[in-house]
$ cat model.cif   # mmCIF, C-alpha atoms
data_final
#
loop_
_atom_site.group_PDB
_atom_site.id
_atom_site.type_symbol
_atom_site.label_atom_id
_atom_site.label_comp_id
_atom_site.auth_asym_id
_atom_site.auth_seq_id
_atom_site.Cartn_x
_atom_site.Cartn_y
_atom_site.Cartn_z
ATOM 1 C CA MET A 11 50.175 39.736 -49.179
ATOM 2 C CA SER A 12 49.749 43.522 -49.355
ATOM 3 C CA PHE A 13 51.663 45.716 -46.952
ATOM 4 C CA PHE A 14 48.372 46.961 -45.488
ATOM 5 C CA ILE A 15 47.473 43.421 -44.416
ATOM 6 C CA SER A 16 50.982 42.964 -43.039
ATOM 7 C CA LEU A 17 50.635 46.216 -41.100
ATOM 8 C CA ILE A 18 47.409 45.008 -39.519
ATOM 9 C CA GLU A 19 48.922 41.657 -38.566
ATOM 10 C CA LEU A 20 52.166 43.124 -37.224
ATOM 11 C CA THR A 21 50.418 45.733 -35.060
ATOM 12 C CA ASP A 22 47.142 44.067 -34.068
ATOM 13 C CA ALA A 23 48.521 43.087 -30.669
ATOM 14 C CA ASN A 24 49.268 46.763 -30.036
ATOM 15 C CA ARG A 25 45.703 47.705 -30.991
ATOM 16 C CA ARG A 26 44.239 44.997 -28.774
ATOM 17 C CA GLU A 27 46.296 46.265 -25.823
ATOM 18 C CA LEU A 28 44.156 49.383 -25.908
ATOM 19 C CA GLU A 29 41.065 47.384 -24.976
ATOM 20 C CA THR A 30 42.850 45.896 -21.951
ATOM 21 C CA VAL A 31 43.475 49.312 -20.379
ATOM 22 C CA PRO A 32 40.884 49.600 -17.572
ATOM 23 C CA LYS A 33 40.083 53.265 -18.248
ATOM 24 C CA VAL A 34 39.551 52.599 -21.956
ATOM 25 C CA HIS A 35 37.288 49.607 -21.218
ATOM 26 C CA ALA A 36 35.291 51.726 -18.788
ATOM 27 C CA MET A 37 35.071 54.611 -21.257
ATOM 28 C CA ILE A 38 33.767 52.382 -24.067
ATOM 29 C CA HIS A 39 31.182 50.586 -21.949
ATOM 30 C CA HIS A 40 30.308 52.991 -19.130
ATOM 31 C CA GLY A 41 31.439 56.438 -20.237
ATOM 32 C CA LEU A 42 33.429 58.914 -18.157
ATOM 33 C CA PRO A 43 32.649 61.310 -15.310
ATOM 34 C CA LEU A 44 32.440 64.920 -16.480
ATOM 35 C CA ALA A 45 35.823 65.967 -15.053
ATOM 36 C CA GLU A 46 37.563 63.065 -16.775
ATOM 37 C CA TYR A 47 35.876 63.790 -20.091
ATOM 38 C CA GLN A 48 36.971 67.417 -19.851
ATOM 39 C CA ALA A 49 40.534 66.264 -19.148
ATOM 40 C CA PHE A 50 40.393 63.832 -22.079
ATOM 41 C CA LEU A 51 39.274 66.645 -24.391
ATOM 42 C CA ARG A 52 42.140 68.852 -23.195
ATOM 43 C CA ASP A 53 44.615 66.149 -24.214
ATOM 44 C CA LEU A 54 42.742 65.499 -27.445
ATOM 45 C CA TYR A 55 42.938 69.193 -28.360
ATOM 46 C CA HIS A 56 46.732 69.038 -28.472
ATOM 47 C CA VAL A 57 46.755 65.799 -30.465
ATOM 48 C CA VAL A 58 44.490 67.377 -33.081
ATOM 49 C CA TRP A 59 46.322 70.745 -33.078
ATOM 50 C CA HIS A 60 49.581 69.019 -34.058
ATOM 51 C CA PHE A 61 47.998 66.635 -36.572
ATOM 52 C CA CYS A 62 48.313 68.910 -39.611
ATOM 53 C CA PRO A 63 51.786 70.314 -38.753
ATOM 54 C CA ILE A 64 53.152 66.779 -38.388
ATOM 55 C CA MET A 65 51.681 65.795 -41.751
ATOM 56 C CA ALA A 66 53.144 68.962 -43.285
ATOM 57 C CA ALA A 67 56.585 68.131 -41.879
ATOM 58 C CA ALA A 68 56.372 64.652 -43.391
ATOM 59 C CA ALA A 69 55.089 65.892 -46.763
ATOM 60 C CA ALA A 70 58.000 68.326 -47.008
ATOM 61 C CA ARG A 71 60.466 65.408 -46.733
ATOM 62 C CA CYS A 72 58.768 63.016 -49.154
ATOM 63 C CA SER A 73 60.912 62.428 -52.216
ATOM 64 C CA ASP A 74 59.390 61.647 -55.593
ATOM 65 C CA GLN A 75 59.695 57.973 -54.667
ATOM 66 C CA HIS A 76 56.883 58.641 -52.209
ATOM 67 C CA ARG A 77 55.023 61.318 -54.140
ATOM 68 C CA ASP A 78 51.716 59.459 -53.612
ATOM 69 C CA VAL A 79 52.225 59.832 -49.863
ATOM 70 C CA ARG A 80 53.073 63.518 -50.285
ATOM 71 C CA PHE A 81 49.936 64.222 -52.323
ATOM 72 C CA ASP A 82 47.762 62.220 -49.928
ATOM 73 C CA LEU A 83 49.109 64.237 -47.010
ATOM 74 C CA TYR A 84 48.334 67.483 -48.840
ATOM 75 C CA ALA A 85 44.728 66.338 -49.271
ATOM 76 C CA ARG A 86 44.423 65.193 -45.651
ATOM 77 C CA ILE A 87 45.784 68.499 -44.364
ATOM 78 C CA GLU A 88 43.103 70.304 -46.361
ATOM 79 C CA GLU A 89 40.413 68.029 -44.904
ATOM 80 C CA GLU A 90 41.653 68.135 -41.308
ATOM 81 C CA LYS A 91 42.678 71.772 -40.876
ATOM 82 C CA GLY A 92 40.734 73.624 -38.225
ATOM 83 C CA HIS A 93 39.374 70.522 -36.522
ATOM 84 C CA GLU A 94 41.103 71.475 -33.280
ATOM 85 C CA ALA A 95 38.432 74.192 -33.060
ATOM 86 C CA TRP A 96 35.814 71.430 -32.908
ATOM 87 C CA VAL A 97 37.519 70.047 -29.798
ATOM 88 C CA LEU A 98 37.479 73.508 -28.221
ATOM 89 C CA GLU A 99 33.756 73.756 -29.005
ATOM 90 C CA ASP A 100 33.236 70.442 -27.228
ATOM 91 C CA ILE A 101 35.262 71.597 -24.229
ATOM 92 C CA GLU A 102 33.137 74.732 -23.945
ATOM 93 C CA ALA A 103 29.900 72.771 -24.419
ATOM 94 C CA VAL A 104 30.659 70.518 -21.433
ATOM 95 C CA GLY A 105 31.735 73.388 -19.183
ATOM 96 C CA GLY A 106 35.491 73.047 -19.593
ATOM 97 C CA ASP A 107 38.066 75.839 -19.578
ATOM 98 C CA VAL A 108 38.926 76.607 -23.204
ATOM 99 C CA ALA A 109 41.629 79.132 -22.291
ATOM 100 C CA ALA A 110 43.346 76.606 -20.018
ATOM 101 C CA ALA A 111 43.202 73.934 -22.719
ATOM 102 C CA ARG A 112 44.958 76.285 -25.134
ATOM 103 C CA ALA A 113 47.535 77.567 -22.647
ATOM 104 C CA ASN A 114 48.588 74.439 -20.757
ATOM 105 C CA PRO A 115 50.575 71.470 -22.093
ATOM 106 C CA PRO A 116 48.889 68.085 -22.433
ATOM 107 C CA SER A 117 49.710 65.080 -20.263
ATOM 108 C CA ALA A 118 53.201 63.605 -20.489
ATOM 109 C CA PRO A 119 52.203 60.617 -22.692
ATOM 110 C CA VAL A 120 50.587 62.969 -25.206
ATOM 111 C CA GLN A 121 53.636 65.225 -25.224
ATOM 112 C CA ALA A 122 55.772 62.131 -25.870
ATOM 113 C CA MET A 123 53.484 60.928 -28.676
ATOM 114 C CA ILE A 124 53.518 64.326 -30.400
ATOM 115 C CA ALA A 125 57.296 64.629 -30.077
ATOM 116 C CA PHE A 126 57.798 61.106 -31.425
ATOM 117 C CA ASN A 127 55.725 61.869 -34.510
ATOM 118 C CA TYR A 128 57.640 65.062 -35.301
ATOM 119 C CA HIS A 129 60.893 63.154 -34.805
ATOM 120 C CA GLY A 130 59.744 60.333 -37.062
ATOM 121 C CA ALA A 131 58.639 62.696 -39.818
ATOM 122 C CA GLU A 132 61.749 64.849 -39.698
ATOM 123 C CA ARG A 133 64.553 62.496 -38.646
ATOM 124 C CA VAL A 134 63.574 58.883 -39.351
ATOM 125 C CA HIS A 135 61.425 58.546 -42.475
ATOM 126 C CA PRO A 136 58.564 60.738 -43.726
ATOM 127 C CA CYS A 137 56.376 57.668 -44.231
ATOM 128 C CA SER A 138 56.420 57.123 -40.462
ATOM 129 C CA VAL A 139 53.566 59.631 -40.357
ATOM 130 C CA LEU A 140 51.345 56.872 -41.761
ATOM 131 C CA GLY A 141 51.701 55.031 -38.455
ATOM 132 C CA MET A 142 50.203 58.028 -36.681
ATOM 133 C CA LEU A 143 47.379 58.193 -39.238
ATOM 134 C CA TYR A 144 46.685 54.473 -38.987
ATOM 135 C CA MET A 145 46.510 54.457 -35.197
ATOM 136 C CA LEU A 146 44.295 57.548 -34.929
ATOM 137 C CA GLU A 147 41.946 56.442 -37.692
ATOM 138 C CA VAL A 148 41.602 52.923 -36.293
ATOM 139 C CA VAL A 149 40.793 54.322 -32.854
ATOM 140 C CA SER A 150 38.365 56.878 -34.255
ATOM 141 C CA SER A 151 36.526 54.620 -36.699
ATOM 142 C CA VAL A 152 36.331 51.583 -34.398
ATOM 143 C CA TYR A 153 35.763 53.245 -31.025
ATOM 144 C CA GLY A 154 34.822 56.894 -31.617
ATOM 145 C CA GLY A 155 31.068 56.448 -32.062
ATOM 146 C CA ARG A 156 30.758 53.975 -29.205
ATOM 147 C CA VAL A 157 32.761 56.229 -26.892
ATOM 148 C CA SER A 158 30.765 59.377 -27.667
ATOM 149 C CA ASP A 159 27.459 57.528 -27.129
ATOM 150 C CA SER A 160 28.697 55.930 -23.917
ATOM 151 C CA ILE A 161 29.988 59.184 -22.439
ATOM 152 C CA ALA A 162 26.826 61.048 -23.437
ATOM 153 C CA ARG A 163 24.681 58.452 -21.654
ATOM 154 C CA ALA A 164 26.871 58.613 -18.548
ATOM 155 C CA LEU A 165 26.543 62.399 -18.458
ATOM 156 C CA GLY A 166 22.826 62.372 -19.203
ATOM 157 C CA ARG A 167 23.339 64.327 -22.419
ATOM 158 C CA ASP A 168 22.203 64.025 -26.007
ATOM 159 C CA VAL A 169 25.112 63.532 -28.408
ATOM 160 C CA GLU A 170 23.509 66.016 -30.795
ATOM 161 C CA ALA A 171 23.136 68.664 -28.079
ATOM 162 C CA GLY A 172 26.832 69.539 -28.022
ATOM 163 C CA GLY A 173 30.073 68.361 -26.509
ATOM 164 C CA PHE A 174 30.674 65.405 -28.830
ATOM 165 C CA LYS A 175 31.166 67.014 -32.246
ATOM 166 C CA PHE A 176 34.733 65.844 -32.761
ATOM 167 C CA LEU A 177 34.275 62.227 -31.657
ATOM 168 C CA SER A 178 30.972 61.695 -33.448
ATOM 169 C CA SER A 179 31.990 63.299 -36.718
ATOM 170 C CA HIS A 180 35.344 61.527 -36.950
ATOM 171 C CA ALA A 181 33.807 58.151 -36.200
ATOM 172 C CA LEU A 182 32.112 58.474 -39.595
ATOM 173 C CA MET A 183 34.774 60.441 -41.471
ATOM 174 C CA ASP A 184 37.616 58.119 -40.564
ATOM 175 C CA VAL A 185 35.899 55.059 -42.024
ATOM 176 C CA ASP A 186 36.384 56.724 -45.417
ATOM 177 C CA HIS A 187 39.871 57.900 -44.455
ATOM 178 C CA MET A 188 40.826 54.346 -43.516
ATOM 179 C CA ALA A 189 39.729 53.077 -46.928
ATOM 180 C CA LYS A 190 41.934 55.689 -48.586
ATOM 181 C CA LEU A 191 44.827 54.825 -46.272
ATOM 182 C CA ASN A 192 44.412 51.162 -47.201
ATOM 183 C CA LYS A 193 44.965 52.005 -50.877
ATOM 184 C CA LEU A 194 47.903 54.294 -50.124
ATOM 185 C CA VAL A 195 49.745 51.873 -47.840
ATOM 186 C CA LYS A 196 49.451 49.119 -50.461
ATOM 187 C CA THR A 197 51.641 51.219 -52.790
ATOM 188 C CA ILE A 198 54.576 51.299 -50.354
ATOM 189 C CA ASP A 199 57.145 48.649 -51.262
ATOM 190 C CA ASP A 200 60.281 50.297 -49.858
ATOM 191 C CA PRO A 201 61.466 48.144 -46.890
ATOM 192 C CA LEU A 202 62.785 51.168 -44.964
ATOM 193 C CA ALA A 203 59.478 52.972 -45.367
ATOM 194 C CA GLN A 204 57.547 49.869 -44.331
ATOM 195 C CA GLU A 205 59.707 49.424 -41.233
ATOM 196 C CA ALA A 206 59.146 53.072 -40.282
ATOM 197 C CA VAL A 207 55.366 52.724 -40.647
ATOM 198 C CA VAL A 208 55.197 49.567 -38.544
ATOM 199 C CA ASN A 209 57.376 51.009 -35.786
ATOM 200 C CA SER A 210 55.423 54.268 -35.758
ATOM 201 C CA THR A 211 52.116 52.415 -35.519
ATOM 202 C CA ARG A 212 53.342 50.376 -32.567
ATOM 203 C CA VAL A 213 54.725 53.406 -30.724
ATOM 204 C CA ASN A 214 51.593 55.475 -31.357
ATOM 205 C CA PHE A 215 49.344 52.734 -30.000
ATOM 206 C CA TYR A 216 51.655 52.377 -26.994
ATOM 207 C CA GLN A 217 51.650 56.097 -26.202
ATOM 208 C CA PHE A 218 47.902 56.355 -26.748
ATOM 209 C CA CYS A 219 47.429 53.576 -24.187
ATOM 210 C CA ARG A 220 49.645 55.450 -21.732
ATOM 211 C CA MET A 221 47.368 58.461 -22.138
ATOM 212 C CA PHE A 222 44.787 56.504 -20.113
ATOM 213 C CA ASP A 223 47.187 55.329 -17.409
ATOM 214 C CA GLU A 224 47.730 57.168 -14.155
ATOM 215 C CA GLY A 225 50.414 59.216 -15.884
ATOM 216 C CA GLY A 226 47.949 60.354 -18.529
ATOM 217 C CA PHE A 227 44.956 62.657 -18.575
ATOM 218 C CA VAL A 228 43.393 61.093 -15.473
ATOM 219 C CA ALA A 229 46.300 62.400 -13.395
ATOM 220 C CA HIS A 230 45.779 65.917 -14.754
ATOM 221 C CA ILE A 231 42.205 66.416 -13.601
ATOM 222 C CA ALA A 232 42.024 69.645 -11.642
#

$ encode --input "model.cif" --output "structure tokens"
Amino acid sequence: MSFFISLIELTDANRRELETVPKVHAMIHHGLPLAEYQAFLRDLYHVVWHFCPIMAAAAARCSDQHRDVRFDLYARIEEEKGHEAWVLEDIEAVGGDVAAARANPPSAPVQAMIAFNYHGAERVHPCSVLGMLYMLEVVSSVYGGRVSDSIARALGRDVEAGGFKFLSSHALMDVDHMAKLNKLVKTIDDPLAQEAVVNSTRVNFYQFCRMFDEGGFVAHIA
């Protein structure tokens, strides 16, 4: 059995927990009110802003044993850089405060998720970054398109009219990214690296779920 299949099996319960969160279920099937979508985008901005720096921190610590991971991270950084600007465009398009999104910290669960991923990359094992990639790409490829369509309908907007650039584009892009991640993860046979990836995936799914709890973005609507 490849490690990618093992990763799916070992973390599928964590992925399925996401669908049990009431706010996530509502978002997928019924969309979000405008204020909640704006708050979600503010949190998402910080997740995306830190995406490349976390990958860079991990790449810098990859030894030649994990050179394939290092080179993959270099390529992903090149592909993903600047995408936080897309989130800011979406915030502006739906009437949100771009300056406030830049200046203010995200919700506590998002701060914890970002901090965990820096810690994993710099202090645990550089391959832990693959858990972050796996979680985000699963969420984006499986739910991103459905969520953007659902929210657009709830707000009476056309997805193509603006406000959904990040979600819509990554729903398609991350299908390809997931295929590449599948190939990369299959090359990892180091038990310590595998353990770090599994743990990171579980923690990232957990913190992403908390983002939709009362302590997450919903509590920061103002």

$ residues_around --input "model.cif" --residues "segment 19-26 of chain A" --least-positions-apart "6" --cutoff "7 Å" --atoms "all atoms listed in the file" --output "PyMOL selection string"
chain A and resi 211-212+215-216

$ residues_around --input "model.cif" --residues "segment 142-144 of chain A" --least-positions-apart "4" --cutoff "9 Å" --atoms "only C-alpha atoms" --output "PDB file with C-alpha atoms, in the coordinates of the input"
ATOM      1  CA  PHE A  61      47.998  66.635 -36.572  1.00  0.00           C
ATOM      2  CA  ASN A 127      55.725  61.869 -34.510  1.00  0.00           C
ATOM      3  CA  SER A 138      56.420  57.123 -40.462  1.00  0.00           C
ATOM      4  CA  VAL A 148      41.602  52.923 -36.293  1.00  0.00           C
ATOM      5  CA  VAL A 149      40.793  54.322 -32.854  1.00  0.00           C
ATOM      6  CA  MET A 188      40.826  54.346 -43.516  1.00  0.00           C
ATOM      7  CA  LEU A 191      44.827  54.825 -46.272  1.00  0.00           C
ATOM      8  CA  VAL A 207      55.366  52.724 -40.647  1.00  0.00           C
ATOM      9  CA  SER A 210      55.423  54.268 -35.758  1.00  0.00           C
ATOM     10  CA  THR A 211      52.116  52.415 -35.519  1.00  0.00           C
ATOM     11  CA  VAL A 213      54.725  53.406 -30.724  1.00  0.00           C
ATOM     12  CA  ASN A 214      51.593  55.475 -31.357  1.00  0.00           C
ATOM     13  CA  PHE A 215      49.344  52.734 -30.000  1.00  0.00           C
TER      14      PHE A 215
END

$ closest_atom_pairs --input "model.cif" --of "segment 101-146 of chain A" --to "segment 70-84 of chain A" --cutoff "8 Å" --atoms "only C-alpha atoms" --output "JSON lines"
{"residue": "A:Ala131", "atom": "CA", "partner": "A:Arg71", "partner_atom": "CA", "distance": 7.6}
{"residue": "A:Glu132", "atom": "CA", "partner": "A:Arg71", "partner_atom": "CA", "distance": 7.2}
{"residue": "A:Pro136", "atom": "CA", "partner": "A:Arg71", "partner_atom": "CA", "distance": 5.9}
{"residue": "A:Cys137", "atom": "CA", "partner": "A:Val79", "partner_atom": "CA", "distance": 7.3}

$ residues_around --input "model.cif" --residues "segment 116-124 of chain A" --least-positions-apart "4" --cutoff "12 Å" --atoms "only C-alpha atoms" --output "MDAnalysis selection string"
chainID A and resid 49:65 110:112 128:131 139 141:142 145:146 210:231

$ residues_around --input "model.cif" --residues "Met37 of chain A" --least-positions-apart "3" --cutoff "8 Å" --atoms "only C-alpha atoms" --output "ChimeraX atom specification"
/A:33-34,40-42,157,160-161

$ atom_distance --input "model.cif" --atom1 "atom CA of Pro201 of chain A" --atom2 "atom CA of Ile18 of chain A"
16.2 Å

$ atom_distance --input "model.cif" --atom1 "atom CA of Pro32 of chain A" --atom2 "atom CA of Phe176 of chain A"
23.1 Å

$ atom_distance --input "model.cif" --atom1 "atom CA of Gly173 of chain A" --atom2 "atom CA of Ala103 of chain A"
4.9 Å

$ closest_residue --input "model.cif" --among "A:Ala69, A:Arg163, A:Glu99, A:Tyr47" --to "Ala85 of chain A" --atoms "all atoms listed in the file"
A:Ala69

$ resolve_selection --input "model.cif" --expression "the PyMOL selection byres ((chain A and resi 14) around 7)" --output "number ranges by chain"
A: 12-13, 15-18, 192, 195-196

$ closest_residue --input "model.cif" --among "A:Met11, A:Ile101, A:Ala113, A:Ala162" --to "Ile38 of chain A" --atoms "all atoms listed in the file"
A:Ala162

$ axis_aligned_box --input "model.cif" --around "segment 27-43 of chain A" --padding-each-side "8 Å" --output "lines of an AutoDock Vina configuration file"
center_x = 38.3
center_y = 53.6
center_z = -20.6
size_x = 32.0
size_y = 31.4
size_z = 26.6

$ resolve_selection --input "model.cif" --expression "the PyMOL selection byres ((chain A and resi 104) around 8)" --output "PyMOL selection string"
chain A and resi 44+48+100-103+105-106+172-173

$ decode --input "model.cif" --residues "segment 97-109 of chain A" --atoms "all heavy atoms" --output "CSV table (one decimal), in the first residue's frame"
chain,number,residue,atom,x,y,z
A,97,VAL,N,-7.6,37.1,-2.8
A,97,VAL,CA,-8.5,37.1,-1.7
A,97,VAL,C,-8.9,38.6,-1.4
A,97,VAL,O,-10.1,38.9,-1.2
A,97,VAL,CB,-8.0,36.4,-0.5
A,97,VAL,CG1,-9.0,36.4,0.6
A,97,VAL,CG2,-7.5,35.0,-0.8
A,98,LEU,N,-7.9,39.5,-1.5
A,98,LEU,CA,-8.2,40.9,-1.2
A,98,LEU,C,-9.2,41.4,-2.3
A,98,LEU,O,-10.1,42.3,-2.0
A,98,LEU,CB,-6.9,41.7,-1.2
A,98,LEU,CG,-6.0,41.4,0.0
A,98,LEU,CD1,-4.7,42.3,-0.1
A,98,LEU,CD2,-6.7,41.7,1.3
A,99,GLU,N,-9.0,41.0,-3.6
A,99,GLU,CA,-9.9,41.4,-4.6
A,99,GLU,C,-11.3,40.9,-4.3
A,99,GLU,O,-12.3,41.7,-4.6
A,99,GLU,CB,-9.4,40.8,-6.0
A,99,GLU,CG,-8.2,41.4,-6.6
A,99,GLU,CD,-7.8,40.7,-7.9
A,99,GLU,OE1,-8.7,40.2,-8.6
A,99,GLU,OE2,-6.6,40.7,-8.2
A,100,ASP,N,-11.4,39.7,-3.8
A,100,ASP,CA,-12.8,39.2,-3.5
A,100,ASP,C,-13.4,40.0,-2.3
A,100,ASP,O,-14.6,40.3,-2.3
A,100,ASP,CB,-12.7,37.7,-3.1
A,100,ASP,CG,-12.4,36.8,-4.3
A,100,ASP,OD1,-12.6,37.3,-5.5
A,100,ASP,OD2,-11.9,35.7,-4.1
A,101,ILE,N,-12.6,40.3,-1.3
A,101,ILE,CA,-13.1,41.1,-0.2
A,101,ILE,C,-13.6,42.4,-0.7
A,101,ILE,O,-14.7,42.9,-0.3
A,101,ILE,CB,-12.0,41.3,0.8
A,101,ILE,CG1,-11.6,40.0,1.5
A,101,ILE,CG2,-12.4,42.4,1.9
A,101,ILE,CD1,-10.4,40.1,2.4
A,102,GLU,N,-12.9,43.1,-1.6
A,102,GLU,CA,-13.3,44.4,-2.1
A,102,GLU,C,-14.6,44.2,-2.9
A,102,GLU,O,-15.5,45.1,-2.8
A,102,GLU,CB,-12.2,45.0,-2.9
A,102,GLU,CG,-12.5,46.4,-3.4
A,102,GLU,CD,-11.3,47.1,-4.1
A,102,GLU,OE1,-10.5,46.3,-4.7
A,102,GLU,OE2,-11.2,48.3,-4.1
A,103,ALA,N,-14.6,43.2,-3.7
A,103,ALA,CA,-15.8,43.0,-4.6
A,103,ALA,C,-17.1,42.7,-3.9
A,103,ALA,O,-18.1,43.1,-4.4
A,103,ALA,CB,-15.5,41.8,-5.5
A,104,VAL,N,-17.0,42.2,-2.7
A,104,VAL,CA,-18.2,42.0,-1.9
A,104,VAL,C,-18.4,43.0,-0.8
A,104,VAL,O,-19.2,42.9,0.1
A,104,VAL,CB,-18.3,40.6,-1.3
A,104,VAL,CG1,-18.3,39.5,-2.4
A,104,VAL,CG2,-17.1,40.3,-0.3
A,105,GLY,N,-17.7,44.2,-0.9
A,105,GLY,CA,-17.9,45.3,0.0
A,105,GLY,C,-17.2,45.2,1.3
A,105,GLY,O,-17.6,45.9,2.2
A,106,GLY,N,-16.2,44.3,1.4
A,106,GLY,CA,-15.5,44.2,2.7
A,106,GLY,C,-14.4,45.3,2.8
A,106,GLY,O,-14.1,46.0,1.9
A,107,ASP,N,-13.8,45.3,4.0
A,107,ASP,CA,-12.8,46.3,4.3
A,107,ASP,C,-11.4,45.7,4.1
A,107,ASP,O,-10.9,44.9,4.9
A,107,ASP,CB,-12.9,46.8,5.7
A,107,ASP,CG,-12.0,47.9,6.1
A,107,ASP,OD1,-11.0,48.1,5.4
A,107,ASP,OD2,-12.4,48.7,7.0
A,108,VAL,N,-10.8,46.0,2.9
A,108,VAL,CA,-9.5,45.4,2.6
A,108,VAL,C,-8.4,45.9,3.6
A,108,VAL,O,-7.6,45.1,4.0
A,108,VAL,CB,-9.1,45.8,1.2
A,108,VAL,CG1,-7.6,45.4,0.9
A,108,VAL,CG2,-10.0,45.2,0.1
A,109,ALA,N,-8.4,47.1,4.0
A,109,ALA,CA,-7.4,47.6,4.9
A,109,ALA,C,-7.5,46.9,6.2
A,109,ALA,O,-6.5,46.6,6.9
A,109,ALA,CB,-7.6,49.1,5.1
